[in-house]
Amino acid sequence: MSKPGSAKRQPQTGTRRFISGVVEGFYGRPWTMEQRTELFQREQTWGLNTYLYAPKDDYKHRMYWRDLYSAQEAEQLIVLISAAKRHNVEFIYAISPGLDITFSNPKEVAALKRKLDQVKEFGCRSFSLLFDDIETEMCPADKQTFSSFAHAQVAITNEVYQHLGEPETFLFCPTDYCAAFCTPSVPQSSYLHTVGEKLLPGIDILWTGPKVVSHKISVESIEEVSSVLKRAPVIWDNIHANDYDPQRLFLGPYKDRPSELIPKLRGVLTNPNCEFYPNFVAIHTLATWCKATADAGPRDVEMGDEEEDPCYSPQKALTLALTDWLQEFLSTDQPGGRLKKEASDEEPMQTDMGESSYVPGPDENPLYTAEPLTLDDLKLLSDLFYLPYEHGPTARTMLRELDWLKNHSQAATSETDKSAEWCSRAQRFDDMCDAVVQMFNRLSNAPNRRILYDLYNYICDIKSGVGLARAYVKTLGGQGQPAAQLMNDDPEPWGFRGGLSGEFQRMLPGHGNRDLFKHPPMTTVYCIRPYCPEDKVEVQRVFTEMQRTGEGRAPRTAQPPLICDSLSAGDISPSPQCALVMEDDAGICGYALALTDATPAAAKTQRLISEEFPSLVTSQVLPRVTDPSPAKRMIGWLLSSIKSSGSRGVFCELRQGDRRMLDFYSKLGSFKTIQVSGLPQDIVAMGRTL
């Protein structure tokens with residue numbers, strides 16, 4: 001047999017077959033025995049051959065590794081190992097003793113051997129020792145026995161390997177399991193050199209690539225680590241792992257690993273999403289990749305593939321996977337099918353009423369009919385939940401369109417050629433948002449409920465997020481009332497996402513700098529400064545834009561006059577030291593103006609101003625300002641200036657249809673509805689004392 005990595009090795013050839021399959025190695029709820037058996041069936045169908053049992057939250061795999069399995073647990077593992085054998089899947093039992101093992105204590109080594117001997121009695125013939133995600137500092141006893149942490153790990157691994165009879169498959173996971181962990185580098189890592197030189201040659205080594213979750217794995221990087229380890233590694237691939245972020249799911253294809261890697265590796269195991277059923281795509285596309293060999297001849301590569309791999313097209317592999325997955329979604333005799341009768345003493349709910357089904361009359365509402373799920377729906381789903389380092393094509397398009405619509409919002413209500421383009425692109429964005437909603441509806445009615453339940457939280461979240469973006473764009477375009485939520489500091493809970501973790505992230509200075517879509521940044525900086533005469537035109541523009549915003553809003557000439565309209569339009573000048581503007585990167589986006597004595601202006605509109613509220617304040621903020629805090633701060637500064645002038649109180653006038661600003665003033669907590677003599681019927685006055 002040639003040395004690992006010294007000659008091209010094709011899958012399923014030679015004395016040792018290419019390891020390919022799945023590692024259940026994530027943090028979180030482990031898969032069920034039924035799901036694992038179903039996994040073995042899939043692996044056999046798709047040509048994969050290995051399952052590595054390493055769930056981090058199986059207590060007896062990691063935290064309580066010394067404890068033997070109970071009789072009930074032993075029976076489950078025996079059944080599971082037998083199921084793997086029936087489907088020609090190699091079952092590798094992994095144990096992770098590194099949290100608290102004392103390497104130099106013979107009793108600890110004996111406990112480890114005893115535990116693996118028990119699993120061997122269950123019928124398991126392949127094993128793995130994992131030393132990942134642990135502290136690297138040895139205890140004093142180990143320091144007296146071993147010259148380094150690597151020497152301690154290698155010694156116990158070699159001893160256990162020989163104790164078990166040198167199994168054909170025995171995997172070792174180092175503590176420095178990716179290039180990013182190696183000090184100072186892979187070629188200069190004393191830890192890896194010790195592992196490579198001292199670990200017995202029959203033991204294979206797990207490796208995740210350049211990082212824990214590697215964006216790309218190159219041939220050169222594998223050749224480099226293979227040289228140090230003195231053997232070809234088995235890739236433990238975290239490209240579809242999602243245990244580090246509960247809001248993300250990865251349904252994109254296996255990619256950015258050239259098929260030229262295959263002869264340079266001992267194998268590849270994917271550590272996929274925590275949710276079992278959404279892993280169909282991850283495992284299916286890995287199986288397709290494993291069949292791509294240099295001797296297979298050139299294949300068509302779609303334009304746009306980042307990696308022009310002549311043997312493997314990620315997009316074609318994805319389409320194949322989604323086509324097969326669609327059949328499972330629509331199936332009622334697969335596990336999770338809603339018509340499958342479960343073993344139960346109770347009768348299943350009747351879903352087919354036969355002749356007694358209701359038929360609506362000619363003038364009644366038609367019965368709701370669920371549209372069937374389509375391949376395009378699953379392609380969209382994959383695009384929305386693609387891969388850790390990239391969104392799918394449709395998701396990228398939606399982000400670009402929203403960015404453009406937001407940055408060119410002035411064109412939405414202008415009378416220029418740009419307006420038609422803005423409206424066209426806004427409609428395109430709306431259509432894409434609607435496709436997400438329709439996808440959600442069809443997924444929700446798919447027959448295979450188990451797949452749906454694994455996806456449900458994710459698709460609810462994306463539907464909600466898309467809905468907020470959709471409403472925002474309509475507001476920018478003047479369709480419907482401006483969303484009160486955008487200027488509301490007491491929104492519904494779906495308006496502020498992420499919980500406490502999101503709060504922490506938004507407080508950090510770097511928040512948003514790792515978004516997959518780099519523009520616009522997540523944090524906007526606003527500047528509040530005193531109004532100057534040169535700002536008059538821009539304030540008029542903001543005022544005019546907000547006048548146009550709203551469905552069915554009558555022209556200004558047909559509306560009852562407001563004192564604040566004259567102030568905003570520049571017909572009346574604000575009082576000295578009583579005018580502020582707010583700016584963002586695009587320019588002036590809001591203003592707050594006041595008259596310390598509104599009596600003369602009120603007289604022109606036949607209003608009688610109360611002595612309790614002699615001053616008038618008016619404010620407007622463009623819809624692109626979604627954070628109410630800057631507007632509240634601007635109003636606070638303005639009220640302080642008015643109070644300094646000697647005023648006892650202020651009031652504002654608002655049209656009843658202006659729900660956005662009505663909610664804004666109401667949420668300030670100090671403005672209350674007041675009575676003003678001569679006020680038109682659809683005008684609301686709100687005031688507060690100073």
# chains A, B, ... in the order shown; residues from 1 in each chain; ligands from 1
$ select_by_dssp --residues "stretch 113-232 of chain A" --states "strand (DSSP E or B)" --output "ChimeraX atom specification"
/A:126-130,170-173,178,204-207,209
$ write_last_selection --atoms "C-alpha atoms" --output "CSV table (one decimal), in the first residue's frame"
chain,number,residue,atom,x,y,z
A,126,SER,CA,-14.4,1.2,14.6
A,127,PHE,CA,-13.5,3.9,17.1
A,128,SER,CA,-12.4,7.5,17.5
A,129,LEU,CA,-10.7,9.5,20.3
A,130,LEU,CA,-11.6,13.2,20.3
A,170,PHE,CA,-9.5,4.5,14.2
A,171,LEU,CA,-9.7,8.2,14.1
A,172,PHE,CA,-7.9,10.8,16.3
A,173,CYS,CA,-9.1,14.4,16.6
A,178,CYS,CA,-7.5,23.5,12.1
A,204,ASP,CA,-6.2,8.5,10.9
A,205,ILE,CA,-6.4,12.2,11.9
A,206,LEU,CA,-9.4,14.5,11.7
A,207,TRP,CA,-8.9,18.0,10.3
A,209,GLY,CA,-9.3,22.9,7.2
$ residues_around --residues "stretch 383-386 of chain A" --least-positions-apart "6" --cutoff "10 Å" --atoms "only C-alpha atoms" --output "PyMOL selection string"
chain A and resi 240+248-253+377+392-396+398+436+458-459+462
$ closest_residue --among "A:Thr374, A:Ser566, A:Asn279, A:Ser640" --to "A:Glu43" --atoms "only C-alpha atoms"
A:Asn279
$ residues_around --residues "stretch 309-321 of chain A" --least-positions-apart "6" --cutoff "12 Å" --atoms "only C-alpha atoms" --output "PyMOL selection string"
chain A and resi 46+251-262+278-303+327-328+375-383+386+392-393
$ residues_around --residues "stretch 412-416 of chain A" --least-positions-apart "3" --cutoff "7 Å" --atoms "only C-alpha atoms" --output "ChimeraX atom specification"
/A:409,419,422-423,476-477
$ closest_residue --among "A:Trp236, A:Phe613, A:Tyr177, A:Tyr453" --to "A:Ala685" --atoms "only C-alpha atoms"
A:Phe613
$ closest_residue --among "A:Pro623, A:Gly98, A:Pro272, A:Gly196" --to "A:Val473" --atoms "only C-alpha atoms"
A:Pro623
$ residues_around --residues "A:Leu595" --least-positions-apart "5" --cutoff "12 Å" --atoms "only C-alpha atoms" --output "PDB file with N, CA, C and O atoms, in the first residue's frame"
ATOM      1  N   ILE A 563     -50.753  75.603  11.539  1.00  0.00           N
ATOM      2  CA  ILE A 563     -49.724  76.612  11.781  1.00  0.00           C
ATOM      3  C   ILE A 563     -48.350  76.045  11.446  1.00  0.00           C
ATOM      4  O   ILE A 563     -47.499  76.724  10.864  1.00  0.00           O
ATOM      5  N   CYS A 564     -48.176  74.756  11.796  1.00  0.00           N
ATOM      6  CA  CYS A 564     -46.856  74.150  11.579  1.00  0.00           C
ATOM      7  C   CYS A 564     -46.546  73.999  10.094  1.00  0.00           C
ATOM      8  O   CYS A 564     -45.374  73.939   9.710  1.00  0.00           O
ATOM      9  N   SER A 566     -47.022  76.242   7.766  1.00  0.00           N
ATOM     10  CA  SER A 566     -46.364  77.491   7.374  1.00  0.00           C
ATOM     11  C   SER A 566     -44.945  77.554   7.914  1.00  0.00           C
ATOM     12  O   SER A 566     -44.034  78.063   7.262  1.00  0.00           O
ATOM     13  N   LEU A 567     -44.763  77.008   9.113  1.00  0.00           N
ATOM     14  CA  LEU A 567     -43.430  76.996   9.708  1.00  0.00           C
ATOM     15  C   LEU A 567     -42.494  76.069   8.931  1.00  0.00           C
ATOM     16  O   LEU A 567     -41.354  76.428   8.616  1.00  0.00           O
ATOM     17  N   SER A 568     -42.978  74.879   8.569  1.00  0.00           N
ATOM     18  CA  SER A 568     -42.153  73.922   7.834  1.00  0.00           C
ATOM     19  C   SER A 568     -41.893  74.366   6.413  1.00  0.00           C
ATOM     20  O   SER A 568     -40.823  74.110   5.850  1.00  0.00           O
ATOM     21  N   ILE A 572     -43.116  81.069   7.671  1.00  0.00           N
ATOM     22  CA  ILE A 572     -42.855  81.690   8.971  1.00  0.00           C
ATOM     23  C   ILE A 572     -41.489  81.212   9.436  1.00  0.00           C
ATOM     24  O   ILE A 572     -41.178  80.021   9.343  1.00  0.00           O
ATOM     25  N   SER A 573     -40.683  82.113   9.957  1.00  0.00           N
ATOM     26  CA  SER A 573     -39.362  81.736  10.447  1.00  0.00           C
ATOM     27  C   SER A 573     -39.462  81.243  11.883  1.00  0.00           C
ATOM     28  O   SER A 573     -40.245  81.779  12.674  1.00  0.00           O
ATOM     29  N   PRO A 574     -38.707  80.213  12.240  1.00  0.00           N
ATOM     30  CA  PRO A 574     -38.721  79.736  13.626  1.00  0.00           C
ATOM     31  C   PRO A 574     -38.105  80.772  14.560  1.00  0.00           C
ATOM     32  O   PRO A 574     -37.355  81.656  14.141  1.00  0.00           O
ATOM     33  N   SER A 575     -38.416  80.649  15.813  1.00  0.00           N
ATOM     34  CA  SER A 575     -37.854  81.562  16.813  1.00  0.00           C
ATOM     35  C   SER A 575     -36.354  81.310  16.962  1.00  0.00           C
ATOM     36  O   SER A 575     -35.867  80.196  16.712  1.00  0.00           O
ATOM     37  N   PRO A 576     -35.602  82.322  17.368  1.00  0.00           N
ATOM     38  CA  PRO A 576     -34.159  82.147  17.547  1.00  0.00           C
ATOM     39  C   PRO A 576     -33.852  81.027  18.537  1.00  0.00           C
ATOM     40  O   PRO A 576     -34.529  80.870  19.546  1.00  0.00           O
ATOM     41  N   GLN A 577     -32.824  80.255  18.228  1.00  0.00           N
ATOM     42  CA  GLN A 577     -32.361  79.141  19.061  1.00  0.00           C
ATOM     43  C   GLN A 577     -33.406  78.038  19.202  1.00  0.00           C
ATOM     44  O   GLN A 577     -33.303  77.209  20.111  1.00  0.00           O
ATOM     45  N   CYS A 578     -34.389  78.030  18.317  1.00  0.00           N
ATOM     46  CA  CYS A 578     -35.479  77.054  18.426  1.00  0.00           C
ATOM     47  C   CYS A 578     -35.690  76.300  17.117  1.00  0.00           C
ATOM     48  O   CYS A 578     -36.833  76.111  16.651  1.00  0.00           O
ATOM     49  N   ALA A 579     -34.620  75.895  16.497  1.00  0.00           N
ATOM     50  CA  ALA A 579     -34.719  75.133  15.251  1.00  0.00           C
ATOM     51  C   ALA A 579     -33.521  74.199  15.139  1.00  0.00           C
ATOM     52  O   ALA A 579     -32.371  74.623  15.326  1.00  0.00           O
ATOM     53  N   PRO A 600     -49.428  85.139  17.344  1.00  0.00           N
ATOM     54  CA  PRO A 600     -49.640  85.851  16.069  1.00  0.00           C
ATOM     55  C   PRO A 600     -49.931  84.888  14.910  1.00  0.00           C
ATOM     56  O   PRO A 600     -50.812  85.158  14.086  1.00  0.00           O
ATOM     57  N   ALA A 601     -49.206  83.788  14.848  1.00  0.00           N
ATOM     58  CA  ALA A 601     -49.439  82.838  13.765  1.00  0.00           C
ATOM     59  C   ALA A 601     -50.798  82.183  13.900  1.00  0.00           C
ATOM     60  O   ALA A 601     -51.496  81.931  12.900  1.00  0.00           O
ATOM     61  N   ALA A 602     -51.233  81.917  15.138  1.00  0.00           N
ATOM     62  CA  ALA A 602     -52.522  81.274  15.354  1.00  0.00           C
ATOM     63  C   ALA A 602     -53.669  82.195  14.972  1.00  0.00           C
ATOM     64  O   ALA A 602     -54.724  81.741  14.499  1.00  0.00           O
ATOM     65  N   PHE A 613     -50.200  76.750  27.040  1.00  0.00           N
ATOM     66  CA  PHE A 613     -49.353  76.177  25.977  1.00  0.00           C
ATOM     67  C   PHE A 613     -49.115  77.243  24.906  1.00  0.00           C
ATOM     68  O   PHE A 613     -49.671  77.162  23.798  1.00  0.00           O
ATOM     69  N   PRO A 614     -48.278  78.223  25.188  1.00  0.00           N
ATOM     70  CA  PRO A 614     -48.113  79.332  24.241  1.00  0.00           C
ATOM     71  C   PRO A 614     -47.192  79.021  23.059  1.00  0.00           C
ATOM     72  O   PRO A 614     -47.226  79.728  22.042  1.00  0.00           O
ATOM     73  N   SER A 615     -46.367  77.996  23.188  1.00  0.00           N
ATOM     74  CA  SER A 615     -45.353  77.732  22.158  1.00  0.00           C
ATOM     75  C   SER A 615     -45.784  76.590  21.250  1.00  0.00           C
ATOM     76  O   SER A 615     -46.463  75.648  21.683  1.00  0.00           O
ATOM     77  N   LEU A 616     -45.356  76.666  19.996  1.00  0.00           N
ATOM     78  CA  LEU A 616     -45.682  75.646  18.993  1.00  0.00           C
ATOM     79  C   LEU A 616     -44.415  74.901  18.589  1.00  0.00           C
ATOM     80  O   LEU A 616     -43.364  75.512  18.373  1.00  0.00           O
ATOM     81  N   VAL A 617     -44.518  73.580  18.468  1.00  0.00           N
ATOM     82  CA  VAL A 617     -43.401  72.777  17.998  1.00  0.00           C
ATOM     83  C   VAL A 617     -43.884  71.900  16.852  1.00  0.00           C
ATOM     84  O   VAL A 617     -45.038  71.436  16.848  1.00  0.00           O
ATOM     85  N   THR A 618     -43.034  71.692  15.861  1.00  0.00           N
ATOM     86  CA  THR A 618     -43.348  70.774  14.765  1.00  0.00           C
ATOM     87  C   THR A 618     -42.084  69.989  14.412  1.00  0.00           C
ATOM     88  O   THR A 618     -40.967  70.513  14.510  1.00  0.00           O
ATOM     89  N   LEU A 638     -34.873  70.609  21.693  1.00  0.00           N
ATOM     90  CA  LEU A 638     -35.712  71.739  21.306  1.00  0.00           C
ATOM     91  C   LEU A 638     -36.577  72.203  22.481  1.00  0.00           C
ATOM     92  O   LEU A 638     -36.714  73.411  22.731  1.00  0.00           O
ATOM     93  N   LEU A 639     -37.145  71.268  23.220  1.00  0.00           N
ATOM     94  CA  LEU A 639     -37.971  71.633  24.375  1.00  0.00           C
ATOM     95  C   LEU A 639     -37.144  72.353  25.434  1.00  0.00           C
ATOM     96  O   LEU A 639     -37.633  73.274  26.106  1.00  0.00           O
ATOM     97  N   SER A 641     -34.616  74.330  24.855  1.00  0.00           N
ATOM     98  CA  SER A 641     -34.422  75.701  24.371  1.00  0.00           C
ATOM     99  C   SER A 641     -35.673  76.537  24.583  1.00  0.00           C
ATOM    100  O   SER A 641     -35.593  77.714  24.975  1.00  0.00           O
ATOM    101  N   ILE A 642     -36.843  75.927  24.322  1.00  0.00           N
ATOM    102  CA  ILE A 642     -38.103  76.658  24.501  1.00  0.00           C
ATOM    103  C   ILE A 642     -38.299  77.011  25.968  1.00  0.00           C
ATOM    104  O   ILE A 642     -38.715  78.127  26.319  1.00  0.00           O
ATOM    105  N   LYS A 643     -37.993  76.054  26.851  1.00  0.00           N
ATOM    106  CA  LYS A 643     -38.130  76.312  28.281  1.00  0.00           C
ATOM    107  C   LYS A 643     -37.208  77.439  28.718  1.00  0.00           C
ATOM    108  O   LYS A 643     -37.566  78.287  29.562  1.00  0.00           O
ATOM    109  N   SER A 645     -36.451  79.990  27.121  1.00  0.00           N
ATOM    110  CA  SER A 645     -36.998  81.281  26.685  1.00  0.00           C
ATOM    111  C   SER A 645     -38.062  81.803  27.639  1.00  0.00           C
ATOM    112  O   SER A 645     -38.543  82.929  27.474  1.00  0.00           O
ATOM    113  N   SER A 647     -41.011  79.996  28.314  1.00  0.00           N
ATOM    114  CA  SER A 647     -42.331  79.448  27.982  1.00  0.00           C
ATOM    115  C   SER A 647     -42.786  78.452  29.047  1.00  0.00           C
ATOM    116  O   SER A 647     -41.978  77.724  29.642  1.00  0.00           O
ATOM    117  N   GLY A 649     -45.304  76.134  28.333  1.00  0.00           N
ATOM    118  CA  GLY A 649     -45.739  74.882  27.726  1.00  0.00           C
ATOM    119  C   GLY A 649     -45.729  74.959  26.216  1.00  0.00           C
ATOM    120  O   GLY A 649     -45.652  76.040  25.624  1.00  0.00           O
ATOM    121  N   VAL A 650     -45.795  73.815  25.559  1.00  0.00           N
ATOM    122  CA  VAL A 650     -45.775  73.751  24.097  1.00  0.00           C
ATOM    123  C   VAL A 650     -46.927  72.880  23.609  1.00  0.00           C
ATOM    124  O   VAL A 650     -47.451  72.047  24.355  1.00  0.00           O
ATOM    125  N   PHE A 651     -47.292  73.071  22.353  1.00  0.00           N
ATOM    126  CA  PHE A 651     -48.290  72.204  21.723  1.00  0.00           C
ATOM    127  C   PHE A 651     -47.865  71.930  20.289  1.00  0.00           C
ATOM    128  O   PHE A 651     -47.017  72.634  19.712  1.00  0.00           O
ATOM    129  N   CYS A 652     -48.436  70.905  19.727  1.00  0.00           N
ATOM    130  CA  CYS A 652     -48.226  70.597  18.310  1.00  0.00           C
ATOM    131  C   CYS A 652     -49.569  70.272  17.694  1.00  0.00           C
ATOM    132  O   CYS A 652     -50.518  69.873  18.390  1.00  0.00           O
TER     133      CYS A 652
END
$ atom_distance --atom1 "atom CA of A:Ser670" --atom2 "atom CA of A:Arg688"
5.9 Å
$ closest_residue --among "A:Cys182, A:Ile81, A:Met582, A:Ile609" --to "A:Met634" --atoms "only C-alpha atoms"
A:Met582
$ atom_distance --atom1 "atom CA of A:Ile92" --atom2 "atom CA of A:Gly47"
17.2 Å
$ atom_distance --atom1 "atom CA of A:Arg62" --atom2 "atom CA of A:Gln153"
15.9 Å
$ residues_around --residues "stretch 587-591 of chain A" --least-positions-apart "6" --cutoff "12 Å" --atoms "only C-alpha atoms" --output "ChimeraX atom specification"
/A:407,409-410,525-532,534-546,567-569,574,578-581,617-626,628,630-635,637-638
$ closest_residue --among "A:Leu608, A:Val89, A:Val213, A:Ala435" --to "A:Gln675" --atoms "only C-alpha atoms"
A:Leu608
$ closest_residue --among "A:Ile239, A:Leu662, A:Val186, A:Leu326" --to "A:Leu443" --atoms "only C-alpha atoms"
A:Leu326
$ select_by_dssp --residues "stretch 46-257 of chain A" --states "helix (DSSP H, G or I)" --output "VMD selection string"
chain A and resid 46 71 to 86 106 to 121 140 to 145 149 to 163 179 to 181 190 to 198 219 to 229
